[in-house]
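One file, start.cif, carrying mmCIF, C-alpha atoms:
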```cif
data_upload
loop_
_atom_site.label_atom_id
_atom_site.label_comp_id
_atom_site.auth_asym_id
_atom_site.auth_seq_id
_atom_site.Cartn_x
_atom_site.Cartn_y
_atom_site.Cartn_z
CA GLN V 1 -90.59 -39.99 -45.59
CA VAL V 2 -91.67 -36.37 -45.67
CA GLN V 3 -92.85 -35.32 -49.11
CA LEU V 4 -94.35 -32.20 -50.56
CA VAL V 5 -95.67 -32.72 -54.08
CA GLN V 6 -96.68 -29.65 -56.04
CA SER V 7 -98.92 -29.19 -59.05
CA GLY V 8 -97.48 -28.86 -62.52
CA ALA V 9 -96.31 -25.97 -64.62
CA GLU V 10 -98.78 -23.30 -65.68
CA VAL V 11 -98.84 -20.70 -68.42
CA LYS V 12 -101.07 -17.72 -67.75
CA LYS V 13 -101.88 -14.46 -69.48
CA PRO V 14 -101.35 -11.12 -67.76
CA GLY V 15 -104.25 -10.31 -65.47
CA ALA V 16 -105.17 -13.94 -64.90
CA SER V 17 -104.89 -15.93 -61.68
CA VAL V 18 -103.01 -19.10 -60.81
CA LYS V 19 -103.57 -21.60 -58.02
CA VAL V 20 -100.70 -23.89 -57.05
CA SER V 21 -101.24 -26.91 -54.83
CA CYS V 22 -98.86 -28.63 -52.44
CA LYS V 23 -99.81 -32.07 -51.12
CA ALA V 24 -98.02 -33.18 -47.97
CA SER V 25 -97.34 -36.71 -46.79
CA GLY V 26 -95.14 -38.56 -44.32
CA TYR V 27 -95.88 -36.37 -41.31
CA THR V 28 -98.74 -34.94 -39.27
CA PHE V 29 -100.01 -32.20 -41.57
CA THR V 30 -101.26 -29.90 -38.82
CA ASN V 31 -98.02 -29.95 -36.82
CA TYR V 32 -96.02 -27.73 -39.18
CA TYR V 33 -96.41 -24.42 -40.96
CA VAL V 34 -96.13 -24.19 -44.74
CA HIS V 35 -94.24 -21.33 -46.36
CA TRP V 36 -94.45 -20.25 -49.98
CA VAL V 37 -91.28 -18.98 -51.64
CA ARG V 38 -90.67 -18.04 -55.25
CA GLN V 39 -87.64 -17.67 -57.47
CA ALA V 40 -87.72 -15.69 -60.68
CA PRO V 41 -85.35 -16.84 -63.44
CA GLY V 42 -81.80 -15.91 -62.53
CA HIS V 43 -82.86 -14.32 -59.25
CA GLY V 44 -82.85 -15.14 -55.57
CA LEU V 45 -85.47 -16.55 -53.25
CA GLU V 46 -88.43 -14.41 -52.22
CA TRP V 47 -90.84 -15.16 -49.38
CA LEU V 48 -94.55 -14.81 -50.21
CA GLY V 49 -96.24 -15.94 -47.02
CA ILE V 50 -97.09 -18.63 -44.52
CA ILE V 51 -100.07 -20.72 -43.53
CA ASN V 52 -100.73 -22.71 -40.40
CA PRO V 53 -102.69 -25.76 -41.58
CA SER V 54 -104.02 -26.13 -38.05
CA GLY V 55 -106.68 -23.46 -38.13
CA GLY V 56 -105.74 -21.88 -41.45
CA SER V 57 -104.21 -18.65 -40.13
CA THR V 58 -102.02 -16.90 -42.66
CA GLY V 59 -99.42 -14.18 -42.95
CA TYR V 60 -98.44 -12.55 -46.23
CA ALA V 61 -95.53 -10.44 -47.35
CA GLN V 62 -96.73 -6.86 -47.72
CA LYS V 63 -95.65 -6.87 -51.36
CA PHE V 64 -98.28 -9.51 -52.13
CA GLN V 65 -101.06 -8.38 -49.81
CA GLY V 66 -104.33 -8.27 -51.73
CA ARG V 67 -103.05 -10.53 -54.51
CA VAL V 68 -102.17 -13.74 -52.67
CA THR V 69 -104.38 -16.17 -50.79
CA MET V 70 -103.17 -19.29 -49.03
CA THR V 71 -105.56 -22.00 -47.92
CA SER V 72 -105.34 -25.51 -46.54
CA ASP V 73 -107.46 -28.64 -46.71
CA THR V 74 -106.78 -30.94 -43.80
CA SER V 75 -108.87 -33.72 -45.35
CA THR V 76 -106.35 -34.08 -48.18
CA SER V 77 -103.26 -32.64 -46.44
CA THR V 78 -102.98 -30.07 -49.19
CA VAL V 79 -102.19 -26.38 -49.12
CA TYR V 80 -102.92 -23.96 -51.93
CA MET V 81 -101.45 -20.66 -53.00
CA GLU V 82 -103.46 -18.45 -55.34
CA LEU V 83 -101.94 -15.37 -56.93
CA THR V 84 -104.18 -12.98 -58.84
CA SER V 85 -103.68 -10.11 -61.29
CA LEU V 86 -100.62 -11.82 -62.71
CA ARG V 87 -97.96 -9.79 -64.50
CA SER V 88 -94.82 -10.80 -66.32
CA GLU V 89 -92.73 -10.17 -63.21
CA ASP V 90 -94.61 -13.02 -61.50
CA THR V 91 -92.94 -15.52 -63.81
CA ALA V 92 -91.07 -17.75 -61.39
CA VAL V 93 -90.75 -21.15 -59.80
CA TYR V 94 -93.04 -21.27 -56.78
CA TYR V 95 -92.06 -23.53 -53.89
CA CYS V 96 -93.93 -24.71 -50.84
CA ALA V 97 -91.81 -25.60 -47.83
CA ARG V 98 -92.56 -27.17 -44.47
CA GLY V 99 -91.20 -25.41 -41.44
CA GLN V 100 -91.78 -23.51 -38.24
CA SER V 101 -93.42 -20.11 -37.99
CA TYR V 102 -89.98 -18.51 -37.95
CA GLY V 103 -88.54 -20.43 -40.87
CA ASP V 104 -86.37 -23.53 -40.59
CA CYS V 105 -87.83 -25.03 -43.76
CA GLY V 106 -86.44 -28.53 -43.78
CA ALA V 107 -88.60 -29.97 -46.55
CA TRP V 108 -89.46 -28.41 -49.88
CA GLY V 109 -91.74 -29.21 -52.76
CA GLN V 110 -90.23 -29.76 -56.18
CA GLY V 111 -91.34 -26.34 -57.38
CA SER V 112 -94.04 -25.24 -59.83
CA LEU V 113 -93.08 -23.04 -62.77
CA VAL V 114 -95.59 -20.30 -63.46
CA THR V 115 -95.06 -18.43 -66.70
CA VAL V 116 -96.95 -15.21 -67.34
CA SER V 117 -96.95 -14.27 -70.97
CA SER V 118 -99.29 -12.75 -73.49
CA GLN G 1 -82.77 -4.80 -52.73
CA SER G 2 -82.95 -7.68 -50.25
CA ALA G 3 -83.69 -7.09 -46.60
CA LEU G 4 -80.64 -9.10 -45.52
CA THR G 5 -77.28 -8.27 -47.05
CA GLN G 6 -75.01 -11.00 -48.36
CA PRO G 7 -71.94 -10.73 -50.59
CA ALA G 8 -72.83 -11.51 -54.17
CA SER G 9 -69.98 -13.97 -54.53
CA VAL G 10 -67.19 -15.67 -52.65
CA SER G 11 -64.59 -18.13 -53.80
CA GLY G 12 -62.09 -20.54 -52.36
CA SER G 13 -59.84 -23.41 -53.28
CA PRO G 14 -60.50 -27.03 -52.35
CA GLY G 15 -59.58 -27.66 -48.74
CA GLN G 16 -59.82 -24.02 -47.73
CA SER G 17 -62.42 -22.42 -45.47
CA ILE G 18 -64.73 -19.59 -46.44
CA THR G 19 -67.20 -17.42 -44.59
CA ILE G 20 -70.42 -15.94 -45.96
CA SER G 21 -71.89 -13.06 -44.00
CA CYS G 22 -75.53 -12.08 -43.63
CA THR G 23 -76.23 -8.64 -42.20
CA GLY G 24 -79.59 -7.44 -40.94
CA THR G 25 -80.81 -5.27 -38.12
CA ASN G 26 -81.64 -5.63 -34.45
CA SER G 27 -85.26 -6.25 -35.53
CA ASP G 28 -84.36 -9.47 -37.30
CA VAL G 29 -80.89 -11.10 -37.25
CA GLY G 30 -79.79 -9.30 -34.13
CA GLY G 31 -83.04 -9.74 -32.25
CA TYR G 32 -83.75 -13.44 -32.62
CA ASP G 33 -81.84 -16.68 -32.87
CA TYR G 34 -83.86 -17.74 -35.90
CA VAL G 35 -81.31 -17.49 -38.69
CA SER G 36 -81.27 -20.27 -41.28
CA TRP G 37 -79.00 -21.02 -44.20
CA TYR G 38 -79.94 -22.79 -47.43
CA GLN G 39 -77.81 -24.29 -50.16
CA GLN G 40 -79.12 -24.36 -53.71
CA HIS G 41 -77.41 -26.03 -56.63
CA PRO G 42 -78.39 -24.87 -60.13
CA GLY G 43 -81.82 -26.11 -61.09
CA LYS G 44 -82.32 -27.77 -57.72
CA VAL G 45 -84.53 -27.24 -54.70
CA PRO G 46 -83.06 -25.28 -51.77
CA LYS G 47 -81.73 -27.40 -48.93
CA LEU G 48 -81.65 -26.38 -45.29
CA ILE G 49 -78.09 -26.65 -43.98
CA ILE G 50 -78.15 -24.55 -40.80
CA TYR G 51 -81.12 -23.60 -38.60
CA GLU G 52 -81.47 -21.42 -35.52
CA VAL G 53 -78.04 -19.85 -36.09
CA PHE G 54 -75.78 -22.87 -35.58
CA ASN G 55 -77.76 -26.12 -35.69
CA ARG G 56 -77.25 -28.66 -38.46
CA PRO G 57 -80.07 -30.89 -39.69
CA SER G 58 -79.41 -34.59 -39.67
CA GLY G 59 -77.27 -35.61 -42.61
CA VAL G 60 -75.63 -32.23 -43.20
CA SER G 61 -71.85 -32.34 -43.13
CA ASN G 62 -70.12 -30.91 -40.08
CA ARG G 63 -67.99 -28.89 -42.49
CA PHE G 64 -70.90 -26.45 -42.41
CA SER G 65 -71.24 -24.28 -39.32
CA GLY G 66 -73.06 -21.11 -38.35
CA SER G 67 -72.60 -18.28 -35.92
CA LYS G 68 -73.94 -14.84 -35.11
CA SER G 69 -72.54 -11.63 -33.69
CA GLY G 70 -74.80 -8.66 -33.28
CA ASN G 71 -76.73 -8.05 -36.47
CA THR G 72 -74.52 -10.27 -38.61
CA ALA G 73 -74.79 -14.01 -39.04
CA SER G 74 -72.14 -16.11 -40.71
CA LEU G 75 -71.96 -19.41 -42.54
CA ILE G 76 -68.58 -21.07 -42.42
CA ILE G 77 -67.68 -23.87 -44.80
CA SER G 78 -64.46 -25.68 -44.00
CA GLY G 79 -62.51 -28.12 -46.12
CA LEU G 80 -64.10 -26.89 -49.33
CA LEU G 81 -65.14 -29.55 -51.81
CA PRO G 82 -66.06 -29.06 -55.47
CA GLU G 83 -69.64 -30.04 -54.68
CA ASP G 84 -69.95 -27.10 -52.30
CA GLU G 85 -70.13 -24.82 -55.33
CA ALA G 86 -73.69 -23.49 -55.12
CA ASP G 87 -75.78 -20.51 -54.13
CA TYR G 88 -76.27 -19.89 -50.42
CA TYR G 89 -79.13 -17.94 -48.87
CA CYS G 90 -79.63 -16.76 -45.32
CA THR G 91 -83.01 -16.08 -43.78
CA SER G 92 -84.13 -14.48 -40.56
CA TYR G 93 -87.34 -14.27 -38.62
CA SER G 94 -88.67 -10.72 -38.47
CA PRO G 95 -91.94 -10.66 -36.53
CA ARG G 96 -92.33 -6.89 -36.51
CA THR G 97 -92.50 -6.64 -40.28
CA THR G 98 -94.13 -8.23 -43.29
CA PRO G 99 -92.48 -10.26 -44.71
CA LEU G 100 -92.30 -12.33 -41.58
CA VAL G 101 -89.31 -14.20 -42.98
CA LEU G 102 -86.56 -12.21 -44.66
CA PHE G 103 -84.23 -13.65 -47.26
CA GLY G 104 -80.76 -12.51 -48.14
CA GLY G 105 -79.97 -11.86 -51.78
CA GLY G 106 -77.87 -14.99 -52.05
CA THR G 107 -74.15 -15.67 -52.41
CA LYS G 108 -72.60 -17.59 -55.26
CA LEU G 109 -69.78 -19.79 -53.98
CA THR G 110 -67.16 -20.75 -56.53
CA VAL G 111 -64.71 -23.51 -55.71
CA LEU G 112 -61.65 -22.71 -57.77
#
```
Mind turning the file's structure into structure tokens?
Amino acid sequence: QVQLVQSGAEVKKPGASVKVSCKASGYTFTNYYVHWVRQAPGHGLEWLGIINPSGGSTGYAQKFQGRVTMTSDTSTSTVYMELTSLRSEDTAVYYCARGQSYGDCGAWGQGSLVTVSS
Amino acid sequence: QSALTQPASVSGSPGQSITISCTGTNSDVGGYDYVSWYQQHPGKVPKLIIYEVFNRPSGVSNRFSGSKSGNTASLIISGLLPEDEADYYCTSYSPRTTPLVLFGGGTKLTVL
């Protein structure tokens, strides 16, 4: 079955960086895009960006341009999302989700809690 | 402020039908048939319940349906059940902007 397994919770200080992984299984890794979405405590869902594991092309939300980098490793069927210059407002659960370029995310990772605190 | 506008909350009694609206522009909702809806229970992962305006993934109850008119998409839930109480989010493809995928602010459904 399709599975996306994310890395564990992280606690970071303001100004630091975090790198979250998302390992895919149960489907052909390069046939689907992977989106990254986050949810701050008590808030709604927010789209960060997308990566096409076939070739590695990416697209980022303007809000995160310059701070976010998404990469993929086809040898391990894993995608990564790195967010730099962390601030307290980046405290959230970060999700990876498999879908099409236009959305339709039918499979989600379990979420990775990133806490930014001094 | 979210790019797509949803009501903050809706409510209904068991057995009733409710509609959740999702309003965008002709650059997103109105321009493409790539509207999705997600259901999220507290502390849980979002679940895709409608894709490409009106399609249901395998395993999703046919009590959930979707439609679109102009710049507004709608999620209709019929025969409300207590387990339908959750947050619902719409999304739309928006290729002329970044973000590429827009989310609505979410709607809290309360089953009275």
| request: Fewer than 2 positions away in the same chain doesn't count, so skip those; otherwise give me all residues within 6 Å of range 32-45 of chain G, counting only C-alpha atoms, as a PyMOL selection string. | output: chain G and resi 29-30+47-53+86-93
| said: Please enumerate the residues selected by the PyMOL selection byres ((chain V) within 6 of (chain G)) when evaluated against the supplied file, formatted as a ChimeraX atom specification. | reply: /V:44,61-62,102,104,106
| field | Pick from V:Ser57, V:Thr78, V:Thr71, V:Asn52 nearest to Ser25 in chain V, counting all atoms listed in the file | value |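 Answer, going by the shortest atom-to-atom distance: V:Thr78.
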| task | May I ask which of the residues G:Cys22, G:Ala3, G:Ala8, G:Leu109 is the closest one to Ile77 in chain G, counting all atoms listed in the file? | result |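 Checking each candidate against Ile77 in chain G, we get G:Leu109 as the closest.
Considering the residues V:Thr58, V:Gln65, V:Ser117, V:Gln110 and counting only C-alpha atoms, Cys22 in chain V has its shortest atom-to-atom contact with V:Gln110.
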| Selected residue of minimal separation from Glu10 in chain V among V:Thr30, V:Thr69, V:Ser112, V:Ser118, counting only C-alpha atoms |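 The shortest atom-to-atom distance to Glu10 in chain V comes from V:Ser112.
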| message | To test your reading of the syntax: which residues would the PyMOL selection byres ((chain V and resi 79-89) around 6) return for the file shown? Reply as a ChimeraX atom specification. | response | /V:14-22,67-72,78,90-91,116
| query | Quick one: distance from CA of Gly103 in chain V to CA of Ser74 in chain G in Å, one decimal? | reply |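 Atom-to-atom, CA of Gly103 in chain V and CA of Ser74 in chain G are spaced 17.0 Å apart.
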| So which residues get picked by the PyMOL selection byres ((chain V and resi 97) around 9) here, written as a VMD selection string? | chain V and resid 4 22 33 to 37 95 to 96 98 to 99 105 to 109
Mind listing whatever residues come within 8 Å of the point (-102.8, -32.7, -54.2)? Use all atoms listed in the file, file coordinates, and give them as a CSV table (one decimal) with C-alpha atoms, in the coordinates of the input.
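Output file out_9.csv follows:
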```
chain,number,residue,atom,x,y,z
V,5,VAL,CA,-95.7,-32.7,-54.1
V,6,GLN,CA,-96.7,-29.6,-56.0
V,7,SER,CA,-98.9,-29.2,-59.0
V,21,SER,CA,-101.2,-26.9,-54.8
V,22,CYS,CA,-98.9,-28.6,-52.4
V,23,LYS,CA,-99.8,-32.1,-51.1
V,24,ALA,CA,-98.0,-33.2,-48.0
V,76,THR,CA,-106.4,-34.1,-48.2
V,77,SER,CA,-103.3,-32.6,-46.4
V,78,THR,CA,-103.0,-30.1,-49.2
```
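Rounded to one decimal, CA of Ile76 in chain G and CA of Asn26 in chain G lie 21.7 Å from each other.
Between Thr74 in chain V and the residues V:Asn31, V:Gln100, V:Gln1, V:Gln39, the shortest atom-to-atom distance, using only C-alpha atoms, involves V:Asn31.
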| query | For the atom pair CA of Pro82 in chain G and CA of Gly59 in chain G, what is the interatomic distance in Å to one decimal place? | reply |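 CA of Gly59 in chain G lies at a distance of 18.3 Å from CA of Pro82 in chain G.
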